[in-house]
Amino acid sequence: MSKSNVIVVDDTREVLTSLERELRDEPYNIFYAGGGEEALKIMSENPCKVIISDVKMPKMDGFELLAKVRERYPDMIRVVLSGHADVKLVLDIVNEKGIDRYLTKPWNTADVKATINQCIELYDLRKEVKELREQIKNR
């Protein structure tokens with residue numbers, strides 16, 4: 001069985017470097033992108049199950065990126081990573097935009113690892129349900 005792919009997107013190099021160090025030994029492949037366009041390019045070449053994206057980024061903000069991901073890769077699990085102070089506002093936007101999970105900055109490494117594992121499991125379960133429904137439909 002191949003490893004699951006996950007992508008983390010943040011315009012702050014220190015955030016990516018820190019997460020790369022903290023997630024180095026996890027049982028999945030992680031790609032890191034400094035912005036939306038780079039992330040879309042990586043995902044076009046490496047199918048990912050999970051995307052974790054910062055919200056405030058230049059050129060393409062995280063919500064715009066996640067909207068494009070939802071359109072192009074509707075099964076991908078979308079996670080927001082934000083240091084935004086107004087959690088209620090962010091959660092309202094998350095709910096409105098159909099984002100699956102929310103992580104705060106600064107983050108707890110154990111929470112990030114657990115979230116990624118839960119999101120991979122959610123992706124796999126949704127895929128299995130979809131396949132089973134298709135089998136039932138074709139009977």
# chains A, B, ... in the order shown; residues from 1 in each chain; ligands from 1

$ residues_around --residues "range 35-41 of chain A" --least-positions-apart "6" --cutoff "12 Å" --atoms "only C-alpha atoms" --output "PyMOL selection string"
chain A and resi 6-13+16+47-48+50-73

$ select_by_dssp --residues "chain A" --states "helix (DSSP H, G or I)" --output "MDAnalysis selection string"
chainID A and resid 13:22 36:45 62:72 87:97 109:137

$ closest_residue --among "A:Glu20, A:Glu128, A:Asp75, A:Glu26" --to "Ala114 in chain A" --atoms "only C-alpha atoms"
A:Glu26

$ atom_distance --atom1 "CA of Pro27 in chain A" --atom2 "CA of Val79 in chain A"
18.7 Å

$ select_by_dssp --residues "chain A" --states "strand (DSSP E or B)" --output "JSON, numbers by chain"
{"A": [5, 6, 7, 8, 9, 29, 30, 31, 32, 33, 50, 51, 52, 53, 54, 77, 78, 79, 80, 81, 82, 101, 102, 103, 104]}

$ closest_residue --among "A:Thr104, A:Thr115, A:Ser82, A:Asn29" --to "Asn46 in chain A" --atoms "only C-alpha atoms"
A:Asn29

$ atom_distance --atom1 "CA of Leu81 in chain A" --atom2 "CA of Arg101 in chain A"
8.8 Å
